[in-house]
Amino acid sequence: MKRIFLIVLDSVGIGEMPDAADYGDEGSNTLKTASISTFFNGMPNMRKLGYFNIDSVNIGEKEPAPLGSYARLCEASKGKDTTIGHWEIAGVISPSPLPTYPNGFPSEIITEFKKATGRDVLCNKPYSGTNVIADYGKEHMETGNLIVYTSADSVFQIAAHEDIIPIDKLYEYCQIARNILTGKHGVGRVIARPFIGEPGNFTRTGRRHDYSLTPPGITMLDELSSRGFDVLSVGKIIDIFAERGITEFVRSTDNEDGINKTLQYMDKEFNGLCFTNLVDYDMLYGHRNDIDGYAKALSYFDTRLPEILGKLGDEDILMITSDHGCDPGTPSTDHSREYVPLVMFGKPVPSGINFHTRNTFADIAATILDYFEIKDNKVSGTPMSFH
């Protein structure tokens with residue numbers, strides 16, 4: 001029984017890529033920024049695996065005898081968002097970025113959306129998710145109009161108070177938007193953003209739901225599930241891949257819950273992949289430029305790592321990576337175009353191999369399929385062989 005546990009520490013980039021200037025991200029280094037916080041514990045367990053031996057990662061001393069193997073991954077796709085990053089991890093390279101709307105959505109989109117939902121729209125411009133409900137929540141409650149907003153990412157977000165718009169109705173409106181946003185307006189995600197409370201004291205709830213664009217190619221999830229392997233999803237993986245190629249899933253409320261649910265899957269017998277996304281780094285700390293919060297979250301993961309390592313079986317492999325950067329120390333609150341780390345550990349993985357800089361995140365997908373001996377596959381990337 002072979003199992004791979006692939007954990008994405010969402011947005012933990014390790015330094016600007018050569019084309020970072022094209023994205024306005026010169027000087028970004030998410031991990032380095034978090035490491036300067038007094039709340040950063042040095043991640044001693046990740047260090048032992050070789051996390052800080054990765055090319056160009058200069059945080060403290062190198063581990064003299066890393067227990068795992070490791071690599072620095074370059075993003076071949078044109079983009080720096082969650083959707084494109086995860087698609088590439090799964091073996092699909094995107095030649096063009098997903099559309100973004102720095103001036104709000106065009107009238108033809110909004111008009112069609114209003115007609116289909118029977119509701120008017122508030123805001124329609126890039127906005128902070130917490131600020132938008134503070135600024136528009138009262139009017140939304142008085143009128144029933146939907147708060148529609150975007151960000152620097154390729155997203156169409158709908159915020160609504162759960163007492164005004166029942167959660168199932170909000171999800172229905174999001175599906176309507178998803179059906180409209182195709183072709184040149186095919187945003188990566190439509191996101192339901194429910195909230196509760198009173199004016200001056202609104203709080204977003206944990207019933208967010210993402211409606212993703214379908215991956216434009218065959219992913220490792222498709223390859224595995226079509227051949228009878230299990231593909232287990234923890235967190236928002238199920239949403240990022242529009243439910244395709246996944247045989248079982250659980251959602252998570254935060255990093256702690258995501259780690260706990262991954263540990264629960266580790267107690268289960270299955271043959272295949274468990275794919276986990278831990279989103280707090282990005283959602284709670286990177287986008288809010290909270291360096292100390294980011295450092296605490298990284299340190300917390302490191303304290304839980306021994307539990308994960310302790311549950312690995314003889315044929316199990318642990319892979320820890322990321323999908324882009326989101327440097328909390330730069331003026332921008334957007335994602336950043338950065339290399340991402342990869343650390344691999346388990347009895348099938350030799351110790352201390354530096355696979356150096358890889359051309360694409362898709363090498364993860366190729367390596368996973370190679371381990372499961374799926375040779376005739378349609379994913380991009382080159383496997384890092386353990387044989």
# chains A, B, ... in the order shown; residues from 1 in each chain; ligands from 1

call {"tool": "residues_around", "arguments": {"residues": "segment 286-299 of chain A", "least_positions_apart": "2", "cutoff": "7 Å", "atoms": "only C-alpha atoms", "output": "CSV table (one decimal) with all heavy atoms, in the first residue's frame"}}
result
chain,number,residue,atom,x,y,z
A,34,ALA,N,9.2,36.3,7.1
A,34,ALA,CA,8.6,35.7,8.3
A,34,ALA,C,9.6,35.3,9.3
A,34,ALA,O,9.4,35.4,10.5
A,34,ALA,CB,7.7,34.5,7.9
A,35,SER,N,10.8,34.9,8.8
A,35,SER,CA,11.9,34.5,9.7
A,35,SER,C,12.5,35.6,10.6
A,35,SER,O,13.1,35.3,11.6
A,35,SER,CB,13.0,33.8,8.9
A,35,SER,OG,13.8,34.7,8.2
A,37,SER,N,10.8,37.7,12.3
A,37,SER,CA,9.9,37.9,13.4
A,37,SER,C,10.4,37.2,14.7
A,37,SER,O,11.0,36.1,14.6
A,37,SER,CB,8.5,37.4,13.1
A,37,SER,OG,7.7,37.3,14.3
A,39,PHE,N,8.6,35.9,16.7
A,39,PHE,CA,7.7,34.7,16.9
A,39,PHE,C,8.1,33.5,16.1
A,39,PHE,O,7.4,32.5,16.1
A,39,PHE,CB,6.3,35.1,16.6
A,39,PHE,CG,5.7,36.1,17.6
A,39,PHE,CD1,5.7,37.5,17.3
A,39,PHE,CD2,5.2,35.7,18.8
A,39,PHE,CE1,5.2,38.4,18.2
A,39,PHE,CE2,4.7,36.6,19.8
A,39,PHE,CZ,4.7,38.0,19.4
A,40,PHE,N,9.2,33.6,15.3
A,40,PHE,CA,9.6,32.5,14.4
A,40,PHE,C,10.5,31.6,15.2
A,40,PHE,O,11.5,32.1,15.8
A,40,PHE,CB,10.4,33.1,13.2
A,40,PHE,CG,10.8,32.1,12.2
A,40,PHE,CD1,9.9,31.5,11.4
A,40,PHE,CD2,12.1,31.7,12.1
A,40,PHE,CE1,10.2,30.5,10.4
A,40,PHE,CE2,12.5,30.8,11.1
A,40,PHE,CZ,11.6,30.2,10.3
A,41,ASN,N,10.1,30.4,15.3
A,41,ASN,CA,10.9,29.4,16.2
A,41,ASN,C,12.1,28.7,15.5
A,41,ASN,O,12.7,27.8,16.1
A,41,ASN,CB,9.9,28.4,16.8
A,41,ASN,CG,9.5,27.3,15.7
A,41,ASN,OD1,9.7,27.5,14.5
A,41,ASN,ND2,8.8,26.3,16.2
A,43,MET,N,11.9,26.8,13.0
A,43,MET,CA,11.4,25.6,12.4
A,43,MET,C,12.4,24.4,12.4
A,43,MET,O,12.8,23.9,11.4
A,43,MET,CB,10.9,25.9,10.9
A,43,MET,CG,9.9,26.9,10.8
A,43,MET,SD,9.3,27.2,9.1
A,43,MET,CE,8.2,25.8,8.9
A,281,TYR,N,-1.7,30.9,6.1
A,281,TYR,CA,-0.6,31.7,5.8
A,281,TYR,C,-0.9,32.8,4.8
A,281,TYR,O,-0.6,34.0,5.0
A,281,TYR,CB,0.6,30.9,5.2
A,281,TYR,CG,0.9,29.6,6.0
A,281,TYR,CD1,0.4,28.4,5.5
A,281,TYR,CD2,1.7,29.7,7.1
A,281,TYR,CE1,0.7,27.2,6.3
A,281,TYR,CE2,1.9,28.6,7.9
A,281,TYR,CZ,1.5,27.3,7.4
A,281,TYR,OH,1.7,26.2,8.2
A,282,ASP,N,-1.6,32.4,3.8
A,282,ASP,CA,-2.0,33.3,2.7
A,282,ASP,C,-3.2,34.2,3.1
A,282,ASP,O,-3.1,35.5,3.1
A,282,ASP,CB,-2.4,32.5,1.5
A,282,ASP,CG,-2.8,33.4,0.3
A,282,ASP,OD1,-2.0,34.1,-0.2
A,282,ASP,OD2,-4.0,33.3,-0.2
A,283,MET,N,-4.3,33.6,3.5
A,283,MET,CA,-5.5,34.3,3.8
A,283,MET,C,-5.5,35.2,5.0
A,283,MET,O,-5.9,36.4,4.9
A,283,MET,CB,-6.7,33.3,3.9
A,283,MET,CG,-8.1,33.9,4.1
A,283,MET,SD,-9.3,32.6,4.2
A,283,MET,CE,-9.0,31.8,5.8
A,284,LEU,N,-4.9,34.7,6.1
A,284,LEU,CA,-4.9,35.5,7.3
A,284,LEU,C,-3.7,36.4,7.5
A,284,LEU,O,-3.8,37.4,8.2
A,284,LEU,CB,-5.1,34.6,8.5
A,284,LEU,CG,-6.3,33.7,8.6
A,284,LEU,CD1,-6.3,32.8,9.9
A,284,LEU,CD2,-7.6,34.5,8.5
A,301,PHE,N,3.1,25.0,12.5
A,301,PHE,CA,3.2,23.8,11.6
A,301,PHE,C,4.4,22.9,12.0
A,301,PHE,O,4.3,21.7,12.1
A,301,PHE,CB,3.3,24.2,10.2
A,301,PHE,CG,3.5,23.0,9.3
A,301,PHE,CD1,2.4,22.2,8.9
A,301,PHE,CD2,4.7,22.7,8.8
A,301,PHE,CE1,2.6,21.1,8.1
A,301,PHE,CE2,4.9,21.6,7.9
A,301,PHE,CZ,3.9,20.8,7.6
A,302,ASP,N,5.5,23.6,12.3
A,302,ASP,CA,6.7,22.9,12.6
A,302,ASP,C,6.5,22.1,13.9
A,302,ASP,O,7.0,20.9,14.0
A,302,ASP,CB,7.9,23.8,12.8
A,302,ASP,CG,9.2,23.1,12.8
A,302,ASP,OD1,9.7,22.7,11.8
A,302,ASP,OD2,9.8,23.0,13.9
A,303,THR,N,5.8,22.6,14.9
A,303,THR,CA,5.6,21.8,16.1
A,303,THR,C,4.7,20.6,15.9
A,303,THR,O,4.7,19.7,16.7
A,303,THR,CB,4.9,22.7,17.2
A,303,THR,OG1,3.6,23.1,16.8
A,303,THR,CG2,5.8,24.0,17.5
A,326,CYS,N,3.5,35.3,-0.9
A,326,CYS,CA,2.7,36.4,-0.5
A,326,CYS,C,3.4,37.1,0.7
A,326,CYS,O,3.0,37.0,1.8
A,326,CYS,CB,1.3,35.9,0.0
A,326,CYS,SG,0.1,37.3,0.2
A,327,ASP,N,4.4,37.8,0.3
A,327,ASP,CA,5.4,38.4,1.3
A,327,ASP,C,4.7,39.4,2.2
A,327,ASP,O,4.2,40.5,1.7
A,327,ASP,CB,6.5,39.1,0.5
A,327,ASP,CG,7.7,39.5,1.4
A,327,ASP,OD1,7.4,39.8,2.6
A,327,ASP,OD2,8.8,39.5,1.0
A,328,PRO,N,4.6,39.2,3.5
A,328,PRO,CA,3.9,40.1,4.3
A,328,PRO,C,4.6,41.3,4.7
A,328,PRO,O,4.1,42.2,5.4
A,328,PRO,CB,3.6,39.2,5.6
A,328,PRO,CG,4.8,38.3,5.6
A,328,PRO,CD,5.1,38.0,4.2
A,329,GLY,N,5.9,41.4,4.2
A,329,GLY,CA,6.7,42.6,4.5
A,329,GLY,C,6.8,43.6,3.4
A,329,GLY,O,7.4,44.7,3.6
A,333,THR,N,-0.2,43.9,-0.8
A,333,THR,CA,-0.9,42.8,-0.1
A,333,THR,C,-1.3,41.7,-1.1
A,333,THR,O,-2.0,40.7,-0.7
A,333,THR,CB,-2.2,43.3,0.5
A,333,THR,OG1,-3.1,43.9,-0.5
A,333,THR,CG2,-1.9,44.4,1.6
A,334,ASP,N,-0.7,41.7,-2.3
A,334,ASP,CA,-1.0,40.7,-3.3
A,334,ASP,C,-0.1,39.5,-3.2
A,334,ASP,O,0.9,39.6,-2.5
A,334,ASP,CB,-0.9,41.4,-4.7
A,334,ASP,CG,-1.3,40.5,-5.8
A,334,ASP,OD1,-1.9,39.5,-5.6
A,334,ASP,OD2,-0.9,40.9,-7.0

call {"tool": "residues_around", "arguments": {"residues": "Glu63 of chain A", "least_positions_apart": "3", "cutoff": "8 Å", "atoms": "only C-alpha atoms", "output": "PDB file with N, CA, C and O atoms, in the first residue's frame"}}
result
ATOM      1  N   ARG A  47      13.855  22.098   9.398  1.00  0.00           N
ATOM      2  CA  ARG A  47      15.292  22.235   9.145  1.00  0.00           C
ATOM      3  C   ARG A  47      15.962  20.862   9.023  1.00  0.00           C
ATOM      4  O   ARG A  47      16.786  20.640   8.137  1.00  0.00           O
ATOM      5  N   LYS A  48      15.579  19.936   9.908  1.00  0.00           N
ATOM      6  CA  LYS A  48      16.179  18.597   9.883  1.00  0.00           C
ATOM      7  C   LYS A  48      15.897  17.875   8.570  1.00  0.00           C
ATOM      8  O   LYS A  48      16.695  17.053   8.118  1.00  0.00           O
ATOM      9  N   GLY A  50      15.732  19.327   5.677  1.00  0.00           N
ATOM     10  CA  GLY A  50      16.472  19.967   4.593  1.00  0.00           C
ATOM     11  C   GLY A  50      15.827  21.221   4.045  1.00  0.00           C
ATOM     12  O   GLY A  50      16.255  21.761   3.021  1.00  0.00           O
ATOM     13  N   PHE A  52      15.917  24.304   4.891  1.00  0.00           N
ATOM     14  CA  PHE A  52      16.781  25.473   4.766  1.00  0.00           C
ATOM     15  C   PHE A  52      18.072  25.180   3.999  1.00  0.00           C
ATOM     16  O   PHE A  52      18.944  26.034   3.888  1.00  0.00           O
ATOM     17  N   ASN A  53      18.167  23.955   3.453  1.00  0.00           N
ATOM     18  CA  ASN A  53      19.274  23.608   2.558  1.00  0.00           C
ATOM     19  C   ASN A  53      18.907  23.858   1.098  1.00  0.00           C
ATOM     20  O   ASN A  53      19.762  23.735   0.212  1.00  0.00           O
ATOM     21  N   PRO A  66      20.766  16.338   6.176  1.00  0.00           N
ATOM     22  CA  PRO A  66      19.302  16.392   6.072  1.00  0.00           C
ATOM     23  C   PRO A  66      18.690  14.997   5.977  1.00  0.00           C
ATOM     24  O   PRO A  66      19.228  14.115   5.305  1.00  0.00           O
TER      25      PRO A  66
END

call {"tool": "select_by_dssp", "arguments": {"residues": "segment 100-349 of chain A", "states": "strand (DSSP E or B)", "output": "number ranges by chain"}}
result
A: 121-126, 146-150, 155-161, 189-198, 201-204, 209-212, 230-234, 248-250, 272-278, 316-321, 325, 336, 338, 340-345

call {"tool": "write_last_selection", "arguments": {"atoms": "C-alpha atoms", "output": "PDB file, in the first residue's frame"}}
result
ATOM      1  CA  VAL A 121     -24.909  44.932  -6.899  1.00  0.00           C
ATOM      2  CA  LEU A 122     -22.822  47.002  -4.471  1.00  0.00           C
ATOM      3  CA  CYS A 123     -19.114  47.889  -4.704  1.00  0.00           C
ATOM      4  CA  ASN A 124     -17.789  46.106  -7.848  1.00  0.00           C
ATOM      5  CA  LYS A 125     -14.120  46.951  -7.384  1.00  0.00           C
ATOM      6  CA  PRO A 126     -11.018  45.502  -5.715  1.00  0.00           C
ATOM      7  CA  LEU A 146     -25.226  41.728  -3.195  1.00  0.00           C
ATOM      8  CA  ILE A 147     -21.703  42.906  -2.352  1.00  0.00           C
ATOM      9  CA  VAL A 148     -19.587  41.983  -5.362  1.00  0.00           C
ATOM     10  CA  TYR A 149     -15.868  42.650  -5.268  1.00  0.00           C
ATOM     11  CA  THR A 150     -12.528  41.349  -6.505  1.00  0.00           C
ATOM     12  CA  VAL A 155     -11.654  36.165  -8.337  1.00  0.00           C
ATOM     13  CA  PHE A 156     -15.308  37.213  -8.349  1.00  0.00           C
ATOM     14  CA  GLN A 157     -16.387  37.401  -4.709  1.00  0.00           C
ATOM     15  CA  ILE A 158     -19.910  37.735  -3.364  1.00  0.00           C
ATOM     16  CA  ALA A 159     -20.377  38.797   0.258  1.00  0.00           C
ATOM     17  CA  ALA A 160     -23.786  38.488   1.892  1.00  0.00           C
ATOM     18  CA  HIS A 161     -25.154  38.473   5.441  1.00  0.00           C
ATOM     19  CA  ARG A 189     -12.546  31.333  -8.680  1.00  0.00           C
ATOM     20  CA  VAL A 190     -15.983  32.589  -7.733  1.00  0.00           C
ATOM     21  CA  ILE A 191     -16.040  32.799  -3.940  1.00  0.00           C
ATOM     22  CA  ALA A 192     -18.977  32.894  -1.534  1.00  0.00           C
ATOM     23  CA  ARG A 193     -18.132  35.172   1.421  1.00  0.00           C
ATOM     24  CA  PRO A 194     -20.910  34.872   4.020  1.00  0.00           C
ATOM     25  CA  PHE A 195     -20.853  37.046   7.139  1.00  0.00           C
ATOM     26  CA  ILE A 196     -22.858  37.686  10.294  1.00  0.00           C
ATOM     27  CA  GLY A 197     -23.221  40.400  12.950  1.00  0.00           C
ATOM     28  CA  GLU A 198     -24.455  43.959  13.138  1.00  0.00           C
ATOM     29  CA  ASN A 201     -19.342  44.450  14.198  1.00  0.00           C
ATOM     30  CA  PHE A 202     -19.513  42.181  11.165  1.00  0.00           C
ATOM     31  CA  THR A 203     -17.618  38.870  11.087  1.00  0.00           C
ATOM     32  CA  ARG A 204     -17.006  36.544   8.158  1.00  0.00           C
ATOM     33  CA  HIS A 209     -17.143  28.202  -0.684  1.00  0.00           C
ATOM     34  CA  ASP A 210     -15.033  28.406  -3.840  1.00  0.00           C
ATOM     35  CA  TYR A 211     -16.275  27.677  -7.364  1.00  0.00           C
ATOM     36  CA  SER A 212     -13.204  27.115  -9.483  1.00  0.00           C
ATOM     37  CA  ASP A 230      -7.510   6.938  -4.042  1.00  0.00           C
ATOM     38  CA  VAL A 231      -7.270  10.741  -4.195  1.00  0.00           C
ATOM     39  CA  LEU A 232      -8.130  12.325  -0.848  1.00  0.00           C
ATOM     40  CA  SER A 233      -8.557  16.089  -0.514  1.00  0.00           C
ATOM     41  CA  VAL A 234      -8.133  18.155   2.669  1.00  0.00           C
ATOM     42  CA  GLU A 248     -12.963  11.634  -1.126  1.00  0.00           C
ATOM     43  CA  PHE A 249     -12.724  15.025   0.562  1.00  0.00           C
ATOM     44  CA  VAL A 250     -13.000  16.943   3.811  1.00  0.00           C
ATOM     45  CA  GLY A 272      -2.874   6.765  -3.480  1.00  0.00           C
ATOM     46  CA  LEU A 273      -2.604  10.463  -2.694  1.00  0.00           C
ATOM     47  CA  CYS A 274      -3.744  12.702   0.157  1.00  0.00           C
ATOM     48  CA  PHE A 275      -3.553  16.325  -1.030  1.00  0.00           C
ATOM     49  CA  THR A 276      -3.805  19.027   1.672  1.00  0.00           C
ATOM     50  CA  ASN A 277      -3.931  22.816   1.484  1.00  0.00           C
ATOM     51  CA  LEU A 278      -3.212  24.896   4.606  1.00  0.00           C
ATOM     52  CA  ASP A 316       4.626   6.414   2.566  1.00  0.00           C
ATOM     53  CA  ILE A 317       6.135   9.671   1.305  1.00  0.00           C
ATOM     54  CA  LEU A 318       5.574  13.150   2.717  1.00  0.00           C
ATOM     55  CA  MET A 319       5.927  16.120   0.341  1.00  0.00           C
ATOM     56  CA  ILE A 320       5.734  19.709   1.610  1.00  0.00           C
ATOM     57  CA  THR A 321       5.582  22.552  -0.907  1.00  0.00           C
ATOM     58  CA  GLY A 325       4.466  33.747  -2.470  1.00  0.00           C
ATOM     59  CA  SER A 336       4.217  37.485  -5.143  1.00  0.00           C
ATOM     60  CA  GLU A 338       8.434  33.514  -6.090  1.00  0.00           C
ATOM     61  CA  VAL A 340       8.543  27.587  -3.956  1.00  0.00           C
ATOM     62  CA  PRO A 341      10.204  24.953  -1.774  1.00  0.00           C
ATOM     63  CA  LEU A 342       9.819  21.197  -1.936  1.00  0.00           C
ATOM     64  CA  VAL A 343      10.871  18.844   0.853  1.00  0.00           C
ATOM     65  CA  MET A 344      10.346  15.074   0.548  1.00  0.00           C
ATOM     66  CA  PHE A 345      10.696  12.486   3.292  1.00  0.00           C
TER      67      PHE A 345
END

call {"tool": "residues_around", "arguments": {"residues": "Ala116 of chain A", "least_positions_apart": "3", "cutoff": "8 Å", "atoms": "only C-alpha atoms", "output": "NGL selection string"}}
result
:A and (112-113 or 176)

call {"tool": "write_last_selection", "arguments": {"atoms": "N, CA and C atoms", "output": "CSV table (one decimal), in the first residue's frame"}}
result
chain,number,residue,atom,x,y,z
A,112,GLU,N,-25.6,41.0,-16.7
A,112,GLU,CA,-26.1,39.6,-16.8
A,112,GLU,C,-26.3,39.0,-15.5
A,113,PHE,N,-25.4,39.3,-14.5
A,113,PHE,CA,-25.5,38.7,-13.2
A,113,PHE,C,-26.7,39.2,-12.5
A,176,ILE,N,-24.4,30.7,-10.4
A,176,ILE,CA,-24.8,31.6,-11.5
A,176,ILE,C,-23.7,32.4,-12.0

call {"tool": "select_by_dssp", "arguments": {"residues": "segment 74-250 of chain A", "states": "alpha helix (DSSP H)", "output": "NGL selection string"}}
result
:A and (82-89 or 107-117 or 129-143 or 167-180 or 220-226 or 237-240)

call {"tool": "closest_residue", "arguments": {"among": "A:Arg3, A:Ser94, A:Glu269, A:Arg358", "to": "Gly381 of chain A", "atoms": "only C-alpha atoms"}}
result
A:Arg358

call {"tool": "decode", "arguments": {"residues": "segment 195-285 of chain A", "atoms": "C-alpha atoms", "output": "CSV table (one decimal), in the first residue's frame"}}
result
chain,number,residue,atom,x,y,z
A,195,PHE,CA,-20.9,37.0,7.1
A,196,ILE,CA,-22.9,37.7,10.3
A,197,GLY,CA,-23.2,40.4,13.0
A,198,GLU,CA,-24.5,44.0,13.1
A,199,PRO,CA,-23.2,47.2,11.5
A,200,GLY,CA,-19.9,48.0,13.1
A,201,ASN,CA,-19.3,44.5,14.2
A,202,PHE,CA,-19.5,42.2,11.2
A,203,THR,CA,-17.6,38.9,11.1
A,204,ARG,CA,-17.0,36.5,8.2
A,205,THR,CA,-18.2,33.0,8.8
A,206,GLY,CA,-16.4,29.7,8.0
A,207,ARG,CA,-18.9,28.8,5.3
A,208,ARG,CA,-16.9,30.3,2.5
A,209,HIS,CA,-17.1,28.2,-0.7
A,210,ASP,CA,-15.0,28.4,-3.8
A,211,TYR,CA,-16.3,27.7,-7.4
A,212,SER,CA,-13.2,27.1,-9.5
A,213,LEU,CA,-12.6,27.0,-13.2
A,214,THR,CA,-12.2,23.5,-14.4
A,215,PRO,CA,-8.5,22.6,-15.0
A,216,PRO,CA,-7.6,23.1,-18.7
A,217,GLY,CA,-5.7,19.8,-18.9
A,218,ILE,CA,-5.3,16.3,-17.5
A,219,THR,CA,-4.0,16.5,-13.9
A,220,MET,CA,-2.3,13.9,-11.7
A,221,LEU,CA,-5.6,13.7,-9.8
A,222,ASP,CA,-7.3,12.6,-13.0
A,223,GLU,CA,-4.5,10.1,-13.8
A,224,LEU,CA,-4.6,8.6,-10.4
A,225,SER,CA,-8.3,8.3,-9.9
A,226,SER,CA,-8.9,7.0,-13.4
A,227,ARG,CA,-6.6,4.1,-12.6
A,228,GLY,CA,-8.3,3.1,-9.4
A,229,PHE,CA,-6.0,5.0,-6.9
A,230,ASP,CA,-7.5,6.9,-4.0
A,231,VAL,CA,-7.3,10.7,-4.2
A,232,LEU,CA,-8.1,12.3,-0.8
A,233,SER,CA,-8.6,16.1,-0.5
A,234,VAL,CA,-8.1,18.2,2.7
A,235,GLY,CA,-9.1,21.8,2.7
A,236,LYS,CA,-9.8,23.8,-0.5
A,237,ILE,CA,-8.2,21.3,-2.9
A,238,ILE,CA,-11.7,20.0,-3.8
A,239,ASP,CA,-12.7,23.5,-4.8
A,240,ILE,CA,-9.4,24.4,-6.7
A,241,PHE,CA,-9.9,21.4,-8.9
A,242,ALA,CA,-13.7,21.9,-9.3
A,243,GLU,CA,-14.1,18.4,-7.7
A,244,ARG,CA,-12.4,16.7,-10.6
A,245,GLY,CA,-10.3,13.6,-10.0
A,246,ILE,CA,-11.0,13.5,-6.3
A,247,THR,CA,-12.4,10.3,-4.7
A,248,GLU,CA,-13.0,11.6,-1.1
A,249,PHE,CA,-12.7,15.0,0.6
A,250,VAL,CA,-13.0,16.9,3.8
A,251,ARG,CA,-13.0,20.7,4.1
A,252,SER,CA,-11.1,22.5,6.9
A,253,THR,CA,-11.7,25.6,9.0
A,254,ASP,CA,-8.1,26.6,9.6
A,255,ASN,CA,-4.5,25.3,9.6
A,256,GLU,CA,-5.0,23.4,12.8
A,257,ASP,CA,-8.1,21.7,11.5
A,258,GLY,CA,-6.4,20.9,8.2
A,259,ILE,CA,-3.5,19.3,10.0
A,260,ASN,CA,-5.8,17.3,12.3
A,261,LYS,CA,-7.8,16.0,9.3
A,262,THR,CA,-4.6,15.0,7.5
A,263,LEU,CA,-3.5,13.1,10.5
A,264,GLN,CA,-6.9,11.3,10.5
A,265,TYR,CA,-6.4,10.3,6.9
A,266,MET,CA,-3.0,9.0,7.9
A,267,ASP,CA,-4.7,6.5,10.2
A,268,LYS,CA,-6.8,5.2,7.3
A,269,GLU,CA,-5.8,2.5,4.8
A,270,PHE,CA,-5.8,3.7,1.3
A,271,ASN,CA,-3.7,3.4,-1.8
A,272,GLY,CA,-2.9,6.8,-3.5
A,273,LEU,CA,-2.6,10.5,-2.7
A,274,CYS,CA,-3.7,12.7,0.2
A,275,PHE,CA,-3.6,16.3,-1.0
A,276,THR,CA,-3.8,19.0,1.7
A,277,ASN,CA,-3.9,22.8,1.5
A,278,LEU,CA,-3.2,24.9,4.6
A,279,VAL,CA,-4.5,28.3,3.7
A,280,ASP,CA,-4.0,30.5,6.8
A,281,TYR,CA,-0.6,31.7,5.8
A,282,ASP,CA,-2.0,33.3,2.7
A,283,MET,CA,-5.5,34.3,3.8
A,284,LEU,CA,-4.9,35.5,7.3
A,285,TYR,CA,-1.3,36.7,7.3
